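The structure appears below as structure tokens.
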2 protein chains.
Amino acid sequence: MGDFSIVGTRYGRIDGKDKATGRARYVDDWKFPGMLYGKILRSPYAHARILHIDKRRAEKLIGVRAIATVEDTPQKKYGSYRSGVKDELIFAQDKVRYVGDEVAAVAAIDEETAKDALSLIRVEYEELPGVFHPEEAIKPGAPKVHDGVENNIVAHAITLRGDIEKGFKEADLILENRFETGIQVHAYLEPVGCIVAWDSNGKLTIWAPSQNPSWSRFIYAEALDVPMGKLRVVQTVIGGAFGGKLEQKQYLVAAILAKKAGRPVKIVNTRDEEFQTSMPRVPMVIYLKMGIKKDGMLTAKEHRIYADNGAYTKYATAVLNLGTYRVDGLYRLRNIRNENYLIYTNKVPTSAFRGFGNPQITFAVESLLDTLAEGIGMDALEVRLRNAAEAGDLTAHGFKYVSCGLKECLHKTAEAIGWKTKRGQKNIRRGVGISATSHVCGNRSFFPLFDGATAYVRVDEGGKVKILTGEVEVGQGLLTAYAAICAEEMGIPLSEVSVEAPDTDIAPFGLGTWGDRGTFIGGGAVKLAATDAQKQILEVGAEMLEANVSDLDCQGGKVFVKGSPHKFIPFEEVASAAVYRRGGSPVLGKGTFIPASELADETRYGNISGTYAFGAQTAEVEVNEETGEVRVLQIAAAHDVGQAINITTAEGQVEGATIQGMGYALSEEVQYERGVMLTPNFLSYRIPTSLDVPPMKTFLVKTIDPGPFGAKGVAEPAMTPTAPAIANAIYDAIGVRIRTLPITPQKILEALKKKKSTK
Amino acid sequence: MGDFSIVGTRYGRIDGKDKATGRARYVDDWKFPGMLYGKILRSPYAHARILHIDKRRAEKLIGVRAIATVEDTPQKKYGSYRSGVKDELIFAQDKVRYVGDEVAAVAAIDEETAKDALSLIRVEYEELPGVFHPEEAIKPGAPKVHDGVENNIVAHAITLRGDIEKGFKEADLILENRFETGIQVHAYLEPVGCIVAWDSNGKLTIWAPSQNPSWSRFIYAEALDVPMGKLRVVQTVIGGAFGGKLEQKQYLVAAILAKKAGRPVKIVNTRDEEFQTSMPRVPMVIYLKMGIKKDGMLTAKEHRIYADNGAYTKYATAVLNLGTYRVDGLYRLRNIRNENYLIYTNKVPTSAFRGFGNPQITFAVESLLDTLAEGIGMDALEVRLRNAAEAGDLTAHGFKYVSCGLKECLHKTAEAIGWKTKRGQKNIRRGVGISATSHVCGNRSFFPLFDGATAYVRVDEGGKVKILTGEVEVGQGLLTAYAAICAEEMGIPLSEVSVEAPDTDIAPFGLGTWGDRGTFIGGGAVKLAATDAQKQILEVGAEMLEANVSDLDCQGGKVFVKGSPHKFIPFEEVASAAVYRRGGSPVLGKGTFIPASELADETRYGNISGTYAFGAQTAEVEVNEETGEVRVLQIAAAHDVGQAINITTAEGQVEGATIQGMGYALSEEVQYERGVMLTPNFLSYRIPTSLDVPPMKTFLVKTIDPGPFGAKGVAEPAMTPTAPAIANAIYDAIGVRIRTLPITPQKILEALKKKKSTK
């Protein structure tokens, strides 16, 4: 693929060996001098008034160094960046709002002592009636999660495009259905943890597996009431994130304890805490109505979403409002009405998760599309192809598609699954389904002022190259991608390049890993910084070779005059001379990449991303009508990734995301009873294991785009189409349509029973 | 002093509170995940053949993870940078050469196990006759420390300037004396230690209190036979260095153990190891001959030095050859003959220590000068004033003095001690003495290619400023000086600036702390980087204030149009806008300062430093003729520091150095018996305590010079004149001249006895 020596080939991760051999150390592996261990006392009630907290017995326990409650905090309500909602304190005040709400915390000389101290804190509660579903919570008279919030509505927004009434009038068939998606837990293997320490000048350092070290400082500064410059966030090795390792209240609790104790404090979540409190995927009830003409052209789309915010507002506002309208650009929809309600409940606060709202809405749209296709008697693939977006499109919401590999993705995935021969063979209890997706790569709406990225490329006097960036490796292979982009640009071997984890006191400001921006935007910055560094190197090389800079090239770690590659100077010798020669100075290249995005207007219209990714997946399933069990026989995934930087990791991303999508579709279910989570562990909450993974065919569709060497993002879009493809395949297999996720055996048996009884 | 708001005033250290409260963590405070503890088995013999090493019993000890001997190393001889002598391996091979020589090492799960394992390693030695004094070692037939080295001579050099014979012919009085200086141990409070770890890609990281992180990589790369770029040195907080924390063999031992064990390894010296192996000050036997005319003008100087290298070559070559000729520029000497011998002995390897050879030779020159003055019947101060160097001088060795406050220093210190009334009152057993010094600030001869420094100044989007540098805080207050230079240059409060400790993967290349280059050269780089960063800030400020950049100023953290200081934007708001505005990027200023130094020719002639520091000290002593005890009643020190950046720390440097000089003069004595050190602890090796410190008067003499705001170095020169001033005061008090250091009560009693017997 292309004239590159590294980009577009296959190679291992630069951090792979350390991770595989256990040399990579996570925050919980570290012990700082004088460090204390923190534990958090959490509410056992979904909704209750706090009458009294008695810390006296706990304070007397030997080994306890600090006990903190809301009294020890600045008591300044804070919220996620630009959510506009500030409804949280570091500890609960007066009321608890979900099972897991932070009530108090202890720092002690070891974990056991801290745990013991928790059990000695006496909290008197007065239980209150709770509310656990958005459609219940919005009803007049429902218990209020936060005083003064009418009908528990956190946010309400309507977006109109085109003429929705005209659109439906033009339709030959209009269908409306209710869909519902469940809570999905990130289930990263490394629980959230941190070590924090204050220095004597009042500066706080947080060592933590943060997805957004630079940006998270806004929120921490607000909550702790300290200037942002007094906060330092140092990213530790991350064992998975998936959107779950943005700002963490845990770090603030640790900061309060550390301040009180005058010592560093470590807190690491238990797995139980992870399930109960870790800001999972926003569950949504989606009423979706779409119109279609006989020729397969979609005429209108209307949705009304009731999204479950949980007890406090994290990024659910953005998930709902910025995440669920992307799907409208997947097909050439012109007439749209979207209505979004975000509703408080007495459950875990929900937030960002791979796909950021897109898997939820795409499940509904892609499911309903199949039903519409069936209604007009047209093949589901054909309907998609007829409506599919194309390069050059300006979507209803103002997205400009420079490139678009959607149709090629649809063709590739359909062909791979054997669409023509397998689709519609209902009698065998096997079926195939298809779904597509579109996604942003970076989102100007999220951080309107600066949606770029900056990288520094530092050339060591020993010839090794180091990239400094505020962007974050969360397991997706970003370090390797950056090293590859840099090595390709500079003409040196990949082994010569390393990437430093972000430290907000050192690295350039970076927005972090979300919105599929890492490779496209961050990689763009790395490429520019590498160009700048290489310019400095070639200037020195030109002196050494007595040639013009413009005549020089560097390939394979050799600097030479173009046309005379045999007369070369090794890169490391030039790097060394750059510093050591008289008048020399260390080489540091700078690069800031700013995508050609636009600020959306108040209706959210605008080209918010510099590029867009597309994909389509097909699934073949077999359904056991006796047990309701669904077996995924194979999946074919085709994704428009622009130019893949590393084939191995790009395919890995597609495969990993697809499996996560399969879990979302079939097995990952959080169950609650009156606000108490019944599934807070991996025994009851079932993520797919290696035994569940079906054979997969993965295709990377190449398009030409303005990213670094043409790269787009792939991490998020690859999980979006899986659930609808599986749901559509199930319908193809047994003729029942399940519109709520996950599609459990119980739901299938119930649907089959209902189908039989209505026959 | 000057029109500055911070520079030249008094303020605390930015790292002071952390150090005073115990929050600063030294390498020994840290425990890394999976870390092992290393211990070194050292030779108990000064000189012996290794017949056999039996590790078997030690290997069987539970908890032992690795045992290393020379077989586990690359067995590539290495040496200090540019010494030209490569006489060391990481462990002794075949022979041990001093008591303390590294024979083997153990890494185990805890320190006790490692110690136990050492005792289980059986080493068979065949003892050899040793040689312990350079004047013995140079004799034909003396035992050879290294095979093939004739007469144990490591290095021999002669420097000639002017016409030495003519010089002595012109003299009215010629005197020659033998002087001898002792071993002085650095006695920093933090022993040398490290934690080292290899990553899976074969990269070694060394966390250690290194004085020269960037540069030390040359030697480590050579000794470990890995490319320099595969080495990372991260400086940990240093608890004192004084020249003793340049490259350490201990780190290499740890690296070999860590490689073998596949785990991080920590080694920290015991105090006993510190004394026995830590590369103390080079002891010298100095034959010094000088001629003087009746009018007090010096006509010629000839020295022959036999310096004790110890068993291996560290920086003693440089100490001898680059350190002992500086004194020749103190006075206007034109006719010079210097002959230097560096000699192996079976003792601890000697190396750099504050003053770097200058205290040794200055003790001799300044002692003999007093005797010469007495010989021609002229006051010792007057002789110095008549010969003293002045601004504009080009010295015999090619040093160009842009500024020179020597005469002012002499006047100031003499006046402060009450020279006129006190000098020459022998009958009261009290006396006053004077001595001067001159010193370099940076030394081109040491690292000829690049004797500059680079700094980056990073402006955080929260408005805080961070300096990145490869230069090193060793306790001298460099961080604070850099922060002050930066804050002054940028017009922001000192509290807004911090400095990051060097990490060779992040910081720009830096030569490190030695040769009084930190403030002058490193500070010069910080000032340039601050200018560059502020330019970027003011460009953004100009947009915001709709003004021309050239019309803007920043003072007190406020950016304003000159002449309208009331219409300002806070610095942090501009800093924030610099990143966040559309098209913005993080602010990073770069600065490389290269002093106007010259490369010396093969005779060492040349202006090797960009500026020179001068000083003079007087001491008043009282001698107890019964016990031989010397009590220093007061010291007055006057030092030409150019422009002091921080009065408090500059005075502190002078005072600390003077007390170290007092210990060198009177009490710090290493005693050996057949190569076995008899004084390996603070009970027997006596550094001055707070009770020994006399009242001090400190004067900072300001001169105009090309450094940052005019600053020169002060750390080293302030310890040089103390010993001769005290020796001269003792002579003034009781009429006996002690020409060997330290001047112990025993030596005084013996001299008094001899004086009486010759009367």
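Residue numbering restarts at 1 in every chain; chains get A, B, ... in the order shown in the structure tokens, and ligands count up from 1 in that same order.
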Applying 6 Å and only C-alpha atoms, which residues near segment 620-624 of chain A remain after dropping the ones on its own chain fewer than 3 positions away? List them as a list in words.
Arg429, Arg430, Gly431, Val432, Thr627, Gly628, Glu629, Val630, Arg631, Val632, Leu633 and Gln634 of chain A
Now that the selection is made, can you save its residues with C-alpha atoms as a PDB file, in the first residue's frame?
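After the write, again26.pdb holds the following:
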ATOM      1  CA  ARG A 429     -32.039 -21.246  11.559  1.00  0.00           C
ATOM      2  CA  ARG A 430     -28.949 -19.611  10.239  1.00  0.00           C
ATOM      3  CA  GLY A 431     -28.917 -16.094   8.954  1.00  0.00           C
ATOM      4  CA  VAL A 432     -26.719 -13.246   7.843  1.00  0.00           C
ATOM      5  CA  THR A 627     -32.427 -22.580  24.228  1.00  0.00           C
ATOM      6  CA  GLY A 628     -32.524 -19.184  22.569  1.00  0.00           C
ATOM      7  CA  GLU A 629     -28.773 -19.279  22.297  1.00  0.00           C
ATOM      8  CA  VAL A 630     -27.154 -17.353  19.459  1.00  0.00           C
ATOM      9  CA  ARG A 631     -23.879 -18.560  18.025  1.00  0.00           C
ATOM     10  CA  VAL A 632     -22.001 -16.114  15.821  1.00  0.00           C
ATOM     11  CA  LEU A 633     -20.507 -18.265  13.061  1.00  0.00           C
ATOM     12  CA  GLN A 634     -18.464 -15.598  11.397  1.00  0.00           C
TER      13      GLN A 634
END
What lies within 9 Å of Pro448 of chain A using only C-alpha atoms, ignoring chain neighbours under 3 positions off, as an NGL selection string?
(:A and (443-445 or 451 or 598-600)) or (:B and (580 or 582))
With C-alpha atoms retained, could you export that selection as a tab-separated table (two decimals), in the first residue's frame?
chain	number	residue	atom	x	y	z
A	443	ASN	CA	-14.80	16.59	17.05
A	444	ARG	CA	-14.53	20.35	17.04
A	445	SER	CA	-17.71	20.63	19.11
A	451	ASP	CA	-9.12	20.79	18.20
A	598	GLU	CA	-15.49	24.09	11.54
A	599	LEU	CA	-17.23	25.24	14.64
A	600	ALA	CA	-20.82	24.03	14.56
B	580	TYR	CA	-6.48	27.52	22.86
B	582	ARG	CA	-7.75	28.80	16.74
Counting only C-alpha atoms, chain B residues within 7 Å of chain A, as a ChimeraX atom specification:
/B:17-18,23,29-33,199-200,228-229,449-450,454,460,462-464,508-509,580-583,585-586,592,594
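Excluding segment 381-389 of chain B itself and same-chain residues fewer than 3 positions from it, the residues having an atom within 7 Å of it are Gly296, Met297, Leu298, Gly329, Leu330, Tyr331, Arg332, Ala373, Met378, Asp393, Leu406 and Lys407 of chain B, counting only C-alpha atoms.
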Contacts of Lys314 of chain A within 9 Å, only C-alpha atoms, excl. fewer than 5 positions in-chain, as a compact mmCIF listing (two decimals) with C-alpha atoms, in the first residue's frame:
# COMPACT_ATOMS: atom_id res chain seq x y z
CA GLY A 79 -19.06 19.04 36.14
CA SER A 80 -17.50 17.59 33.06
CA TYR A 81 -15.92 19.97 30.59
CA SER A 83 -21.44 19.85 29.90
CA VAL A 85 -24.10 20.95 34.27
CA GLU A 247 -11.63 12.36 34.64
CA MET A 279 -19.33 5.52 34.30
CA ASN A 309 -27.72 9.91 32.81
CA PRO A 349 -23.51 7.96 36.28
CA THR A 350 -23.06 7.06 32.63
CA SER A 351 -20.62 8.48 30.18
CA ALA A 352 -18.26 7.88 27.27
DSSP says strand (DSSP E) for which residues of segment 175-336 of chain A? Put them as number ranges by chain?
A: 175-180, 193-198, 204-208, 231-235, 265-268, 284-292, 298-310, 336
For the residues in the current selection, export N, CA and C atoms as a compact mmCIF listing (two decimals), in the first residue's frame.
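Full text of again-v4.txt as output:
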# COMPACT_ATOMS: atom_id res chain seq x y z
N LEU A 175 -42.24 3.44 9.17
CA LEU A 175 -42.28 2.54 10.32
C LEU A 175 -41.73 3.25 11.54
N GLU A 176 -42.25 2.90 12.69
CA GLU A 176 -41.73 3.46 13.93
C GLU A 176 -41.58 2.33 14.93
N ASN A 177 -40.48 2.31 15.63
CA ASN A 177 -40.26 1.28 16.64
C ASN A 177 -39.57 1.87 17.85
N ARG A 178 -39.72 1.16 18.94
CA ARG A 178 -39.01 1.53 20.17
C ARG A 178 -37.82 0.58 20.31
N PHE A 179 -36.67 1.16 20.54
CA PHE A 179 -35.46 0.38 20.78
C PHE A 179 -34.92 0.73 22.16
N GLU A 180 -34.20 -0.21 22.72
CA GLU A 180 -33.58 0.10 24.01
C GLU A 180 -32.22 -0.58 24.09
N GLY A 193 -7.04 3.65 39.05
CA GLY A 193 -6.23 3.86 40.23
C GLY A 193 -5.39 5.10 40.09
N CYS A 194 -4.78 5.50 41.16
CA CYS A 194 -3.93 6.69 41.12
C CYS A 194 -3.01 6.71 42.32
N ILE A 195 -1.92 7.44 42.16
CA ILE A 195 -1.14 7.88 43.31
C ILE A 195 -1.07 9.39 43.19
N VAL A 196 -1.34 10.09 44.27
CA VAL A 196 -1.28 11.55 44.20
C VAL A 196 -0.39 12.06 45.32
N ALA A 197 0.25 13.19 45.08
CA ALA A 197 1.09 13.81 46.11
C ALA A 197 1.13 15.32 45.92
N TRP A 198 1.07 16.04 47.00
CA TRP A 198 1.24 17.50 46.99
C TRP A 198 2.69 17.82 47.32
N LEU A 204 -0.03 19.81 43.09
CA LEU A 204 -0.52 18.44 43.17
C LEU A 204 -0.11 17.66 41.92
N THR A 205 0.49 16.51 42.13
CA THR A 205 0.78 15.62 41.00
C THR A 205 -0.08 14.38 41.11
N ILE A 206 -0.69 14.02 40.00
CA ILE A 206 -1.54 12.83 39.92
C ILE A 206 -0.89 11.86 38.94
N TRP A 207 -0.45 10.73 39.41
CA TRP A 207 0.05 9.68 38.52
C TRP A 207 -1.12 8.73 38.29
N ALA A 208 -1.54 8.59 37.08
CA ALA A 208 -2.76 7.81 36.85
C ALA A 208 -2.88 7.42 35.39
N LEU A 231 -1.58 21.87 38.95
CA LEU A 231 -1.91 20.46 38.82
C LEU A 231 -1.02 19.83 37.77
N ARG A 232 -0.49 18.70 38.11
CA ARG A 232 0.33 17.97 37.15
C ARG A 232 -0.25 16.57 37.04
N VAL A 233 -0.52 16.14 35.83
CA VAL A 233 -1.02 14.79 35.63
C VAL A 233 0.02 14.02 34.82
N VAL A 234 0.46 12.92 35.38
CA VAL A 234 1.45 12.09 34.70
C VAL A 234 0.77 10.77 34.34
N GLN A 235 0.76 10.47 33.06
CA GLN A 235 0.06 9.26 32.63
C GLN A 235 0.90 8.03 32.94
N VAL A 265 -0.88 9.46 48.51
CA VAL A 265 -1.98 8.50 48.73
C VAL A 265 -2.25 7.74 47.43
N LYS A 266 -2.39 6.45 47.58
CA LYS A 266 -2.80 5.61 46.46
C LYS A 266 -4.22 5.09 46.69
N ILE A 267 -5.02 5.13 45.63
CA ILE A 267 -6.31 4.45 45.66
C ILE A 267 -6.43 3.64 44.37
N VAL A 268 -6.85 2.42 44.50
CA VAL A 268 -7.13 1.60 43.32
C VAL A 268 -8.50 0.97 43.52
N MET A 284 -30.00 3.90 26.40
CA MET A 284 -30.97 4.79 25.75
C MET A 284 -32.23 4.04 25.35
N VAL A 285 -33.34 4.72 25.53
CA VAL A 285 -34.60 4.29 24.92
C VAL A 285 -34.77 5.16 23.68
N ILE A 286 -34.89 4.52 22.54
CA ILE A 286 -34.91 5.25 21.27
C ILE A 286 -36.23 4.96 20.54
N TYR A 287 -37.04 6.02 20.34
CA TYR A 287 -38.21 5.89 19.48
C TYR A 287 -37.78 6.38 18.11
N LEU A 288 -37.77 5.48 17.15
CA LEU A 288 -37.23 5.82 15.84
C LEU A 288 -38.30 5.60 14.78
N LYS A 289 -38.43 6.62 13.93
CA LYS A 289 -39.43 6.57 12.86
C LYS A 289 -38.71 6.94 11.57
N MET A 290 -38.89 6.11 10.53
CA MET A 290 -38.24 6.42 9.26
C MET A 290 -39.18 6.15 8.11
N GLY A 291 -39.01 6.91 7.04
CA GLY A 291 -39.80 6.72 5.85
C GLY A 291 -38.95 6.31 4.66
N ILE A 292 -39.53 5.51 3.78
CA ILE A 292 -38.76 5.02 2.63
C ILE A 292 -39.69 4.99 1.41
N LEU A 298 -34.44 6.60 1.26
CA LEU A 298 -34.96 7.06 2.55
C LEU A 298 -35.42 8.51 2.42
N THR A 299 -36.56 8.82 3.04
CA THR A 299 -37.10 10.19 2.89
C THR A 299 -37.06 11.00 4.17
N ALA A 300 -37.11 10.33 5.31
CA ALA A 300 -37.15 11.09 6.56
C ALA A 300 -36.77 10.19 7.74
N LYS A 301 -36.26 10.84 8.76
CA LYS A 301 -35.89 10.11 9.97
C LYS A 301 -36.21 10.99 11.17
N GLU A 302 -36.84 10.38 12.15
CA GLU A 302 -37.19 11.12 13.37
C GLU A 302 -36.85 10.23 14.55
N HIS A 303 -36.12 10.77 15.50
CA HIS A 303 -35.91 9.99 16.72
C HIS A 303 -36.22 10.81 17.97
N ARG A 304 -36.61 10.10 18.99
CA ARG A 304 -36.80 10.70 20.31
C ARG A 304 -36.08 9.77 21.28
N ILE A 305 -35.08 10.31 21.94
CA ILE A 305 -34.27 9.47 22.82
C ILE A 305 -34.46 9.88 24.28
N TYR A 306 -34.65 8.89 25.12
CA TYR A 306 -34.63 9.10 26.57
C TYR A 306 -33.38 8.39 27.08
N ALA A 307 -32.36 9.18 27.39
CA ALA A 307 -31.08 8.58 27.78
C ALA A 307 -30.92 8.64 29.29
N ASP A 308 -30.35 7.60 29.82
CA ASP A 308 -30.21 7.46 31.28
C ASP A 308 -28.86 8.04 31.70
N ASN A 309 -28.93 9.19 32.38
CA ASN A 309 -27.72 9.91 32.81
C ASN A 309 -27.13 9.29 34.07
N GLY A 310 -27.95 8.51 34.79
CA GLY A 310 -27.53 8.11 36.13
C GLY A 310 -27.63 9.30 37.07
N ILE A 336 -34.84 15.51 8.81
CA ILE A 336 -34.50 14.89 10.09
C ILE A 336 -35.12 15.67 11.24
Could you name the residues that touch Ser438 of chain B at 7 Å or less, counting only C-alpha atoms, but leaving out those on the same chain fewer than 4 positions away, as a PyMOL selection string?
chain B and resi 326-327+330+612-615+717
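For Phe699 of chain B, the list of residues within 7 Å, based on only C-alpha atoms and with local chain neighbours fewer than 4 positions off taken out, reads B:Ala637, B:Ala638, B:His639.
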Go ahead and compute the interatomic distance for atom CA of Arg161 of chain B and atom CA of Met719 of chain B, in Å to one decimal.
27.3 Å
Residue contacts of Cys441 of chain A (10 Å, only C-alpha atoms) excluding same-chain residues fewer than 5 positions away, as a PyMOL selection string
chain A and resi 514-521+595+608-613+707+711-717
Can I get the selection written as a PDB file, in the first residue's frame, with N, CA and C atoms?
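Full text of result07.pdb as output:
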ATOM      1  N   TRP A 514      -9.869  10.206  22.468  1.00  0.00           N
ATOM      2  CA  TRP A 514     -11.331  10.103  22.335  1.00  0.00           C
ATOM      3  C   TRP A 514     -11.660  10.544  20.924  1.00  0.00           C
ATOM      4  N   GLY A 515     -12.848  10.194  20.475  1.00  0.00           N
ATOM      5  CA  GLY A 515     -13.340  10.692  19.189  1.00  0.00           C
ATOM      6  C   GLY A 515     -12.475  10.286  18.014  1.00  0.00           C
ATOM      7  N   ASP A 516     -11.764   9.202  18.121  1.00  0.00           N
ATOM      8  CA  ASP A 516     -10.954   8.704  17.012  1.00  0.00           C
ATOM      9  C   ASP A 516     -10.003   9.747  16.455  1.00  0.00           C
ATOM     10  N   ARG A 517      -9.489  10.610  17.319  1.00  0.00           N
ATOM     11  CA  ARG A 517      -8.637  11.703  16.874  1.00  0.00           C
ATOM     12  C   ARG A 517      -7.146  11.385  16.938  1.00  0.00           C
ATOM     13  N   GLY A 518      -6.792  10.308  17.678  1.00  0.00           N
ATOM     14  CA  GLY A 518      -5.382  10.027  17.966  1.00  0.00           C
ATOM     15  C   GLY A 518      -4.493   9.923  16.744  1.00  0.00           C
ATOM     16  N   THR A 519      -4.844   9.056  15.817  1.00  0.00           N
ATOM     17  CA  THR A 519      -3.979   8.865  14.648  1.00  0.00           C
ATOM     18  C   THR A 519      -4.112  10.026  13.677  1.00  0.00           C
ATOM     19  N   PHE A 520      -5.336  10.448  13.439  1.00  0.00           N
ATOM     20  CA  PHE A 520      -5.565  11.482  12.429  1.00  0.00           C
ATOM     21  C   PHE A 520      -4.969  12.823  12.876  1.00  0.00           C
ATOM     22  N   ILE A 521      -5.363  13.298  14.041  1.00  0.00           N
ATOM     23  CA  ILE A 521      -4.921  14.638  14.464  1.00  0.00           C
ATOM     24  C   ILE A 521      -3.554  14.566  15.139  1.00  0.00           C
ATOM     25  N   PRO A 595      -6.885  20.340  12.154  1.00  0.00           N
ATOM     26  CA  PRO A 595      -7.698  19.813  11.060  1.00  0.00           C
ATOM     27  C   PRO A 595      -8.601  20.898  10.482  1.00  0.00           C
ATOM     28  N   ILE A 608     -17.670  19.442  11.720  1.00  0.00           N
ATOM     29  CA  ILE A 608     -16.974  19.409  13.003  1.00  0.00           C
ATOM     30  C   ILE A 608     -15.713  18.562  13.009  1.00  0.00           C
ATOM     31  N   SER A 609     -15.499  17.791  11.976  1.00  0.00           N
ATOM     32  CA  SER A 609     -14.329  16.913  11.953  1.00  0.00           C
ATOM     33  C   SER A 609     -13.551  17.117  10.660  1.00  0.00           C
ATOM     34  N   GLY A 610     -12.263  16.896  10.733  1.00  0.00           N
ATOM     35  CA  GLY A 610     -11.422  17.067   9.547  1.00  0.00           C
ATOM     36  C   GLY A 610     -11.477  15.881   8.607  1.00  0.00           C
ATOM     37  N   THR A 611     -11.958  14.758   9.114  1.00  0.00           N
ATOM     38  CA  THR A 611     -12.157  13.611   8.231  1.00  0.00           C
ATOM     39  C   THR A 611     -13.163  12.676   8.901  1.00  0.00           C
ATOM     40  N   TYR A 612     -13.699  11.780   8.126  1.00  0.00           N
ATOM     41  CA  TYR A 612     -14.732  10.869   8.632  1.00  0.00           C
ATOM     42  C   TYR A 612     -14.391   9.440   8.233  1.00  0.00           C
ATOM     43  N   ALA A 613     -14.723   8.521   9.130  1.00  0.00           N
ATOM     44  CA  ALA A 613     -14.441   7.108   8.878  1.00  0.00           C
ATOM     45  C   ALA A 613     -15.747   6.362   8.626  1.00  0.00           C
ATOM     46  N   GLY A 707      -5.249  13.220   6.220  1.00  0.00           N
ATOM     47  CA  GLY A 707      -4.549  12.850   7.447  1.00  0.00           C
ATOM     48  C   GLY A 707      -3.092  12.527   7.185  1.00  0.00           C
ATOM     49  N   ALA A 711      -4.131   8.739   6.906  1.00  0.00           N
ATOM     50  CA  ALA A 711      -4.765   7.911   7.942  1.00  0.00           C
ATOM     51  C   ALA A 711      -6.036   8.531   8.520  1.00  0.00           C
ATOM     52  N   LYS A 712      -6.997   7.652   8.811  1.00  0.00           N
ATOM     53  CA  LYS A 712      -8.192   8.017   9.587  1.00  0.00           C
ATOM     54  C   LYS A 712      -8.191   7.196  10.875  1.00  0.00           C
ATOM     55  N   GLY A 713      -9.201   7.418  11.716  1.00  0.00           N
ATOM     56  CA  GLY A 713      -9.346   6.617  12.933  1.00  0.00           C
ATOM     57  C   GLY A 713     -10.117   5.341  12.665  1.00  0.00           C
ATOM     58  N   VAL A 714      -9.999   4.386  13.577  1.00  0.00           N
ATOM     59  CA  VAL A 714     -10.711   3.120  13.388  1.00  0.00           C
ATOM     60  C   VAL A 714     -11.207   2.521  14.699  1.00  0.00           C
ATOM     61  N   ALA A 715     -10.719   3.009  15.828  1.00  0.00           N
ATOM     62  CA  ALA A 715     -11.000   2.345  17.104  1.00  0.00           C
ATOM     63  C   ALA A 715     -12.490   2.295  17.423  1.00  0.00           C
ATOM     64  N   GLU A 716     -13.173   3.410  17.222  1.00  0.00           N
ATOM     65  CA  GLU A 716     -14.572   3.479  17.629  1.00  0.00           C
ATOM     66  C   GLU A 716     -15.530   2.903  16.595  1.00  0.00           C
ATOM     67  N   PRO A 717     -15.424   3.352  15.325  1.00  0.00           N
ATOM     68  CA  PRO A 717     -16.443   2.900  14.362  1.00  0.00           C
ATOM     69  C   PRO A 717     -16.525   1.392  14.245  1.00  0.00           C
TER      70      PRO A 717
END
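Computed from the coordinates, the atom CA of Leu369 of chain B to atom CA of Thr159 of chain B distance equals 21.0 Å.
Among the candidates B:Thr513, B:Thr603, B:Thr658, B:Ser367, the one nearest to Asn321 of chain B when counting only C-alpha atoms is B:Thr603.
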Run DSSP on the backbone of this structure and report the residues of segment 247-385 of chain B it assigns to alpha helix (DSSP H), as a VMD selection string.
chain B and resid 249 to 261 271 to 277 316 to 321 358 to 376 380 to 385
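The shortest atom-to-atom distance to Gly12 of chain A, with only C-alpha atoms taken into account, belongs to A:Thr480 out of A:Ser564, A:Thr480, A:Asp601, A:Val457.
Distances from A:Asp72, A:Glu135, A:Asp295, A:Asp328 to Gly377 of chain A were compared using only C-alpha atoms, and the smallest one belongs to A:Asp295.
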Would you compute the distance between atom CA of Ala650 of chain B and atom CA of His439 of chain B? Give it in Å to one decimal.
15.8 Å
